[in-house]
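Pasting target.cif here (mmCIF, C-alpha atoms):
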data_coords
loop_
_atom_site.label_atom_id
_atom_site.label_comp_id
_atom_site.auth_asym_id
_atom_site.auth_seq_id
_atom_site.Cartn_x
_atom_site.Cartn_y
_atom_site.Cartn_z
CA MET A 15 55.35 -34.00 -13.14
CA PRO A 16 55.64 -37.35 -11.48
CA GLY A 17 54.02 -37.55 -8.08
CA GLU A 18 52.29 -34.22 -8.62
CA ALA A 19 48.55 -34.18 -9.10
CA LYS A 20 47.59 -32.78 -12.50
CA PRO A 21 45.55 -29.62 -12.07
CA ASP A 22 41.95 -30.03 -13.09
CA PHE A 23 40.80 -27.51 -15.68
CA SER A 24 37.63 -29.35 -16.65
CA LYS A 25 35.39 -26.82 -14.86
CA TRP A 26 35.29 -23.04 -14.99
CA HIS A 27 33.43 -21.71 -11.95
CA GLY A 28 31.24 -24.78 -12.05
CA MET A 29 30.67 -24.64 -15.82
CA ASP A 30 31.86 -27.44 -18.07
CA ARG A 31 35.03 -26.02 -19.67
CA ALA A 32 34.44 -28.09 -22.82
CA THR A 33 31.28 -26.09 -23.56
CA ILE A 34 33.12 -22.74 -23.42
CA GLN A 35 34.45 -21.38 -26.70
CA TRP A 36 37.84 -20.00 -25.72
CA GLY A 37 41.29 -20.96 -26.90
CA PRO A 38 44.05 -20.04 -29.34
CA VAL A 39 44.17 -20.97 -33.02
CA ILE A 40 47.51 -20.69 -34.80
CA ASP A 41 47.79 -19.64 -38.40
CA GLU A 42 50.76 -21.83 -39.36
CA SER A 43 51.42 -19.73 -42.44
CA LYS A 44 52.17 -16.72 -40.22
CA CYS A 45 53.97 -18.53 -37.37
CA VAL A 46 57.74 -18.07 -37.54
CA GLY A 47 58.42 -20.42 -34.64
CA CYS A 48 59.82 -17.87 -32.19
CA GLY A 49 58.30 -19.91 -29.35
CA LEU A 50 57.19 -16.93 -27.28
CA CYS A 51 53.58 -18.17 -27.10
CA VAL A 52 54.76 -21.56 -25.82
CA ILE A 53 56.47 -20.06 -22.79
CA GLN A 54 54.08 -17.16 -22.39
CA CYS A 55 51.47 -19.77 -21.44
CA SER A 56 51.89 -20.79 -17.81
CA GLU A 57 53.70 -24.00 -17.07
CA LYS A 58 50.76 -25.59 -15.31
CA ARG A 59 48.39 -24.96 -18.24
CA ASN A 60 50.98 -25.53 -20.97
CA VAL A 61 48.56 -25.22 -23.87
CA PHE A 62 51.22 -25.33 -26.60
CA GLY A 63 53.53 -27.88 -28.10
CA TYR A 64 56.38 -27.11 -30.47
CA ASP A 65 57.57 -28.70 -33.70
CA GLU A 66 61.33 -28.19 -33.73
CA GLU A 67 61.83 -29.53 -37.22
CA LYS A 68 59.29 -27.23 -38.84
CA ARG A 69 59.85 -24.44 -36.28
CA LYS A 70 56.17 -23.96 -35.51
CA ALA A 71 54.11 -23.70 -32.35
CA VAL A 72 51.18 -26.13 -32.09
CA VAL A 73 48.03 -25.97 -29.97
CA LEU A 74 48.23 -29.16 -27.94
CA ASN A 75 45.88 -28.76 -24.96
CA PRO A 76 43.29 -26.11 -25.87
CA GLU A 77 41.03 -27.25 -23.03
CA ASN A 78 43.68 -26.08 -20.55
CA CYS A 79 43.47 -22.50 -21.82
CA MET A 80 42.38 -20.09 -19.09
CA VAL A 81 39.03 -18.55 -19.94
CA GLY A 82 39.54 -14.87 -20.77
CA CYS A 83 43.34 -15.09 -21.13
CA ASN A 84 44.94 -14.35 -24.50
CA ASN A 85 48.47 -13.52 -23.39
CA CYS A 86 49.93 -15.66 -26.19
CA GLN A 87 48.02 -13.68 -28.81
CA VAL A 88 49.04 -10.35 -27.30
CA ALA A 89 52.72 -11.35 -27.34
CA CYS A 90 52.78 -12.67 -30.92
CA LEU A 91 54.58 -10.13 -33.12
CA TRP A 92 53.41 -11.89 -36.25
CA ASP A 93 49.67 -11.88 -35.44
CA ALA A 94 49.62 -15.62 -36.00
CA ILE A 95 47.25 -16.38 -33.10
CA SER A 96 43.53 -15.73 -33.02
CA PHE A 97 40.87 -16.18 -30.34
CA PRO A 98 37.07 -16.24 -30.37
CA ASP A 99 35.35 -12.92 -29.80
CA VAL A 100 35.44 -11.91 -26.14
CA SER A 101 31.68 -11.18 -26.01
CA GLY A 102 30.86 -14.87 -25.42
CA VAL A 103 33.09 -15.03 -22.36
CA LYS A 104 31.79 -11.70 -21.12
CA SER A 105 28.21 -12.94 -21.15
CA LEU A 106 29.23 -16.09 -19.25
CA ALA A 107 30.83 -13.81 -16.65
CA LYS A 108 27.56 -11.91 -16.38
CA GLU A 109 25.75 -15.20 -15.79
CA LEU A 110 28.13 -16.04 -12.96
CA VAL A 111 27.35 -12.74 -11.29
CA ASP A 112 23.60 -12.82 -11.89
CA SER A 113 23.27 -16.36 -10.51
CA GLY A 114 25.10 -15.39 -7.32
CA LYS A 115 27.82 -17.93 -8.08
CA SER A 116 30.66 -15.38 -8.08
CA LYS A 117 29.56 -13.96 -4.72
CA GLU A 118 29.45 -17.45 -3.26
CA GLU A 119 32.93 -18.28 -4.56
CA LEU A 120 34.31 -14.97 -3.37
CA GLU A 121 33.03 -15.56 0.15
CA GLY A 122 34.58 -19.00 0.12
CA ARG A 123 37.89 -17.60 -1.06
CA LEU A 124 37.96 -14.85 1.58
CA LYS A 125 37.07 -17.33 4.29
CA LYS A 126 39.83 -19.66 3.21
CA ASN A 127 42.37 -16.88 2.84
CA PRO A 128 41.63 -14.03 5.28
CA ASN A 129 44.85 -12.29 4.22
CA LEU A 130 42.99 -11.17 1.12
CA ARG A 131 41.04 -8.73 3.26
CA LEU A 132 42.31 -5.15 3.47
CA GLN A 133 41.45 -2.32 5.82
CA LEU A 134 41.66 0.97 3.95
CA PRO A 135 41.31 4.58 5.07
CA PRO A 136 38.09 6.20 3.75
CA ARG A 137 40.01 8.77 1.72
CA PHE A 138 41.21 5.90 -0.43
CA PHE A 139 37.86 5.70 -2.14
CA LYS A 140 37.46 9.40 -2.78
CA ARG A 141 39.29 9.01 -6.05
CA ALA A 142 37.28 7.19 -8.68
CA SER A 143 40.20 5.08 -9.78
CA LEU A 144 43.30 4.09 -7.92
CA GLU A 145 46.75 5.05 -9.14
CA ILE A 146 49.69 3.38 -7.54
CA VAL A 147 52.95 5.02 -8.51
CA ARG A 148 55.30 2.25 -7.47
CA PRO A 149 54.24 -0.68 -9.58
CA SER A 150 57.60 -2.31 -9.12
CA ARG A 151 56.95 -3.17 -5.52
CA THR A 152 54.27 -4.88 -3.59
CA VAL A 153 52.27 -1.99 -2.23
CA ARG A 154 50.96 -2.84 1.17
CA ILE A 155 48.01 -0.75 2.15
CA LEU A 156 47.42 -1.77 5.73
CA PRO A 157 46.15 0.18 8.74
CA MET B 5 64.45 -10.86 -6.25
CA SER B 6 62.63 -8.70 -8.70
CA LYS B 7 60.35 -10.26 -11.27
CA THR B 8 61.45 -10.59 -14.86
CA TRP B 9 59.59 -11.07 -18.11
CA HIS B 10 61.75 -13.25 -20.36
CA GLY B 11 64.82 -11.45 -19.04
CA ALA B 12 63.30 -7.94 -18.91
CA ASP B 13 63.05 -6.34 -15.49
CA ARG B 14 59.34 -6.13 -14.67
CA ALA B 15 59.99 -3.11 -12.42
CA ASN B 16 60.85 -0.93 -15.43
CA TYR B 17 57.33 -1.16 -16.82
CA ILE B 18 54.00 0.17 -15.74
CA TRP B 19 51.31 -2.39 -16.34
CA TYR B 20 48.45 -3.02 -13.95
CA PRO B 21 44.66 -2.78 -13.81
CA LYS B 22 42.81 0.35 -12.72
CA ILE B 23 39.39 -0.03 -11.20
CA ASP B 24 36.73 2.58 -11.84
CA TYR B 25 34.81 2.47 -8.57
CA SER B 26 31.90 4.39 -10.05
CA LYS B 27 31.23 1.31 -12.20
CA CYS B 28 32.42 -1.54 -9.94
CA THR B 29 29.59 -3.53 -8.37
CA GLY B 30 31.83 -5.69 -6.21
CA CYS B 31 31.09 -9.03 -7.88
CA GLY B 32 34.66 -10.17 -7.19
CA LEU B 33 35.23 -11.90 -10.54
CA CYS B 34 38.50 -10.02 -11.06
CA LEU B 35 39.90 -11.28 -7.79
CA LEU B 36 38.68 -14.80 -8.51
CA SER B 37 40.09 -14.90 -12.04
CA CYS B 38 43.53 -13.42 -11.37
CA GLY B 39 46.17 -16.09 -11.04
CA ASN B 40 48.82 -13.68 -9.80
CA ASP B 41 47.48 -12.32 -6.55
CA VAL B 42 47.07 -8.76 -7.82
CA PHE B 43 43.84 -8.04 -5.95
CA ARG B 44 42.80 -7.71 -2.32
CA TRP B 45 39.31 -7.24 -0.93
CA SER B 46 37.98 -4.27 1.00
CA ASP B 47 35.21 -5.31 3.36
CA GLN B 48 34.24 -1.73 4.21
CA LYS B 49 33.16 -0.99 0.66
CA GLY B 50 32.76 -4.52 -0.63
CA VAL B 51 35.08 -3.91 -3.59
CA PRO B 52 38.37 -5.26 -4.93
CA VAL B 53 41.58 -3.24 -4.57
CA VAL B 54 44.70 -3.40 -6.75
CA ALA B 55 47.24 -4.19 -4.04
CA ASN B 56 50.05 -5.95 -5.93
CA PRO B 57 50.35 -4.10 -9.25
CA GLY B 58 53.91 -5.35 -9.77
CA SER B 59 52.62 -8.94 -9.84
CA CYS B 60 50.37 -8.26 -12.82
CA VAL B 61 51.51 -10.14 -15.92
CA MET B 62 52.55 -7.66 -18.62
CA GLY B 63 50.07 -7.66 -21.47
CA CYS B 64 47.43 -9.63 -19.52
CA THR B 65 43.94 -8.12 -19.44
CA THR B 66 41.97 -11.18 -18.35
CA CYS B 67 40.26 -9.43 -15.41
CA ALA B 68 39.17 -6.54 -17.64
CA LYS B 69 37.80 -8.91 -20.26
CA LEU B 70 35.74 -10.78 -17.68
CA CYS B 71 34.50 -7.72 -15.77
CA PRO B 72 30.75 -7.58 -16.51
CA GLU B 73 30.67 -3.81 -15.86
CA ASP B 74 33.79 -2.92 -17.89
CA ALA B 75 35.10 -1.22 -14.75
CA ILE B 76 38.72 -2.28 -15.27
CA SER B 77 41.13 -0.55 -17.61
CA PHE B 78 44.74 -1.11 -18.65
CA PRO B 79 47.25 0.96 -20.60
CA ASP B 80 46.02 1.32 -24.20
CA ASP B 81 46.93 -1.29 -26.80
CA PRO B 82 48.45 -4.24 -24.92
CA LYS B 83 49.85 -5.66 -28.15
CA ASN B 84 51.86 -2.57 -28.96
CA PHE B 85 52.95 -2.30 -25.33
CA LEU B 86 54.45 -5.80 -25.42
CA LYS B 87 55.92 -5.22 -28.87
CA GLN B 88 57.92 -2.28 -27.52
CA VAL B 89 59.15 -4.40 -24.59
CA ILE B 90 60.06 -7.32 -26.86
CA ILE B 91 62.08 -5.12 -29.20
CA LYS B 92 63.71 -2.92 -26.56
CA GLU B 93 64.74 -5.79 -24.31
CA LYS B 94 65.71 -8.20 -27.11
CA VAL B 95 63.83 -10.94 -25.27
CA PHE B 96 64.32 -13.61 -27.93
CA PHE B 97 67.66 -14.66 -26.48
CA ALA B 98 65.89 -15.52 -23.24
CA VAL B 99 62.89 -16.93 -25.12
CA LYS B 100 65.06 -19.41 -26.99
CA LYS B 101 66.50 -20.73 -23.76
CA GLU B 102 63.16 -20.77 -21.94
CA LEU B 103 61.58 -22.65 -24.84
CA LYS B 104 64.29 -25.29 -24.69
CA ASP B 105 63.93 -25.58 -20.91
CA ARG B 106 60.16 -25.95 -21.20
CA LEU B 107 60.43 -28.66 -23.84
CA ASP B 108 63.14 -30.47 -21.88
CA LYS B 109 60.93 -30.44 -18.80
CA TYR B 110 57.81 -31.53 -20.71
CA PRO B 111 59.18 -33.73 -23.50
CA ASP B 112 55.69 -34.72 -24.67
CA HIS B 113 55.32 -31.11 -25.84
CA ARG B 114 58.06 -31.70 -28.38
CA VAL B 115 55.77 -32.72 -31.23
CA SER B 116 55.38 -32.82 -34.96
CA ILE B 117 52.49 -30.93 -36.49
CA GLU B 118 51.40 -33.98 -38.50
CA ASP B 119 51.19 -36.12 -35.35
CA VAL B 120 49.12 -33.55 -33.51
CA GLU B 121 46.76 -33.23 -36.47
CA ALA B 122 46.42 -37.00 -36.61
CA TRP B 123 45.64 -37.21 -32.86
CA LYS B 124 43.04 -34.49 -33.15
CA LYS B 125 41.40 -36.26 -36.08
CA ALA B 126 41.37 -39.56 -34.19
CA GLU B 127 39.88 -37.88 -31.14
CA LYS B 128 37.15 -36.33 -33.22
CA GLY B 129 36.49 -39.73 -34.78
CA ASP B 130 36.18 -41.29 -31.32
CA ALA B 131 33.74 -38.64 -30.21
CA ASN B 132 31.63 -39.16 -33.35
CA ALA B 133 31.71 -42.93 -32.89
CA ARG B 134 30.51 -42.55 -29.28
CA ARG B 135 27.70 -40.27 -30.38
CA SER B 136 26.36 -42.62 -33.05
#
Since I need it in another form, could you write the structure as structure tokens?
Amino acid sequence: MPGEAKPDFSKWHGMDRATIQWGPVIDESKCVGCGLCVIQCSEKRNVFGYDEEKRKAVVLNPENCMVGCNNCQVACLWDAISFPDVSGVKSLAKELVDSGKSKEELEGRLKKNPNLRLQLPPRFFKRASLEIVRPSRTVRILP
Amino acid sequence: MSKTWHGADRANYIWYPKIDYSKCTGCGLCLLSCGNDVFRWSDQKGVPVVANPGSCVMGCTTCAKLCPEDAISFPDDPKNFLKQVIIKEKVFFAVKKELKDRLDKYPDHRVSIEDVEAWKKAEKGDANARRS
């Protein structure tokens, strides 16, 4: 967009994005050109291009792909998109936690945006996992 | 206005992460990685909380994939979940229009496969030339 700064995806939590193996690969023989992957990818990342003549999606900006996201692959009815195994990304995530980097970033985020903090009644944590029965609405759990 | 997924009303579907607090160590990666503001943070316990489940992108399991403790779960089989939505809601009418809108807005994404392959080859060549 003119006048709008291009978002910078060159780093992932301080790591060089180019060194991280994560992004879609399209099997053109399976792609029917429905275009769902193209728009499934967020506008700001916009990983895909599209060949209107051949009716095929094309991976244009793989380095913009969000690490850990495979929403395009999940949506593809024709199984035409593949991703690297998730174990590589998982071990990078472990590194972020072990090095204290995630904690540091989290504190920064909470400081910058105090609205992210919630006060919850103690009974909330009695259940091992939380079920919210009204997923359609923003559930505000405030004191 | 309620959220839609390529024309389908998001409110008709149940899709959001569940945190198993017996496994969660409070690293915060899920909150940091979510681009849709699904999580909040509880200071008392030092753990994330699913506060905006309706904002979760249907079919997305990024937080669960990154969670080092595998403490986050989603409804089984995201692919089949989306398949049912796609078929039931006949989303391809909306998809066709959204695709056109996206390509109109970002005309450099209207490409030919041959061109893209040629660019990629040239880029690789450049990188090799720089290395040698």
Name all residues at most 9 Å from range 104-115 of chain A (count only C-alpha atoms; drop same-chain ones fewer than 2 positions away) and give them as a VMD selection string.
(chain A and resid 27 to 28 34 82 100 to 102 117 to 120) or (chain B and resid 31 to 33 69 to 73)
How would the residues just chosen look if you wrote them out with C-alpha atoms as a PDB file, in the coordinates of the input?
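Once written, again-v1.pdb looks like this:
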ATOM      1  CA  HIS A  27      33.430 -21.710 -11.950  1.00  0.00           C
ATOM      2  CA  GLY A  28      31.240 -24.780 -12.050  1.00  0.00           C
ATOM      3  CA  ILE A  34      33.120 -22.740 -23.420  1.00  0.00           C
ATOM      4  CA  GLY A  82      39.540 -14.870 -20.770  1.00  0.00           C
ATOM      5  CA  VAL A 100      35.440 -11.910 -26.140  1.00  0.00           C
ATOM      6  CA  SER A 101      31.680 -11.180 -26.010  1.00  0.00           C
ATOM      7  CA  GLY A 102      30.860 -14.870 -25.420  1.00  0.00           C
ATOM      8  CA  LYS A 117      29.560 -13.960  -4.720  1.00  0.00           C
ATOM      9  CA  GLU A 118      29.450 -17.450  -3.260  1.00  0.00           C
ATOM     10  CA  GLU A 119      32.930 -18.280  -4.560  1.00  0.00           C
ATOM     11  CA  LEU A 120      34.310 -14.970  -3.370  1.00  0.00           C
TER      12      LEU A 120
ATOM     13  CA  CYS B  31      31.090  -9.030  -7.880  1.00  0.00           C
ATOM     14  CA  GLY B  32      34.660 -10.170  -7.190  1.00  0.00           C
ATOM     15  CA  LEU B  33      35.230 -11.900 -10.540  1.00  0.00           C
ATOM     16  CA  LYS B  69      37.800  -8.910 -20.260  1.00  0.00           C
ATOM     17  CA  LEU B  70      35.740 -10.780 -17.680  1.00  0.00           C
ATOM     18  CA  CYS B  71      34.500  -7.720 -15.770  1.00  0.00           C
ATOM     19  CA  PRO B  72      30.750  -7.580 -16.510  1.00  0.00           C
ATOM     20  CA  GLU B  73      30.670  -3.810 -15.860  1.00  0.00           C
TER      21      GLU B  73
END
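CA of Val99 in chain B sits 27.5 Å away from CA of Asp22 in chain A.
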Do a neighbour search on range 15-20 of chain B at 9 Å with all atoms listed in the file, toss out local chain neighbours closer than 2 positions, and write the hits as a PyMOL selection string.
(chain A and resi 147-151) or (chain B and resi 6-8+12-13+22+42+54+56-65+77-79+89)
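For the choices B:Gly50, B:Ile76, B:Leu103, B:Tyr25, the atom-to-atom distance to Cys55 in chain A is smallest for B:Leu103 when using all atoms listed in the file.
Comparing B:Lys109, B:Lys27, B:Arg114, B:Lys49 by their smallest distance to chain A, the closest is B:Arg114 (using all atoms listed in the file).
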Do you have the CA of Lys101 in chain B-CA of Val61 in chain A distance handy?
18.5 Å
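Taking CA of Trp92 in chain A and CA of Cys45 in chain A as endpoints, the distance between them is 6.8 Å.
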Going by the chain IDs and residue numbers used in this file, which residues fall under the PyMOL selection byres ((chain A and resi 79) around 7)? Write them as a ChimeraX atom specification.
/A:37,59,61,76-78,80-81
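Proximity of A:Gln35, A:Ser116, A:Ser43, A:Ser96 to chain B, computed with only C-alpha atoms, is greatest for A:Ser116.
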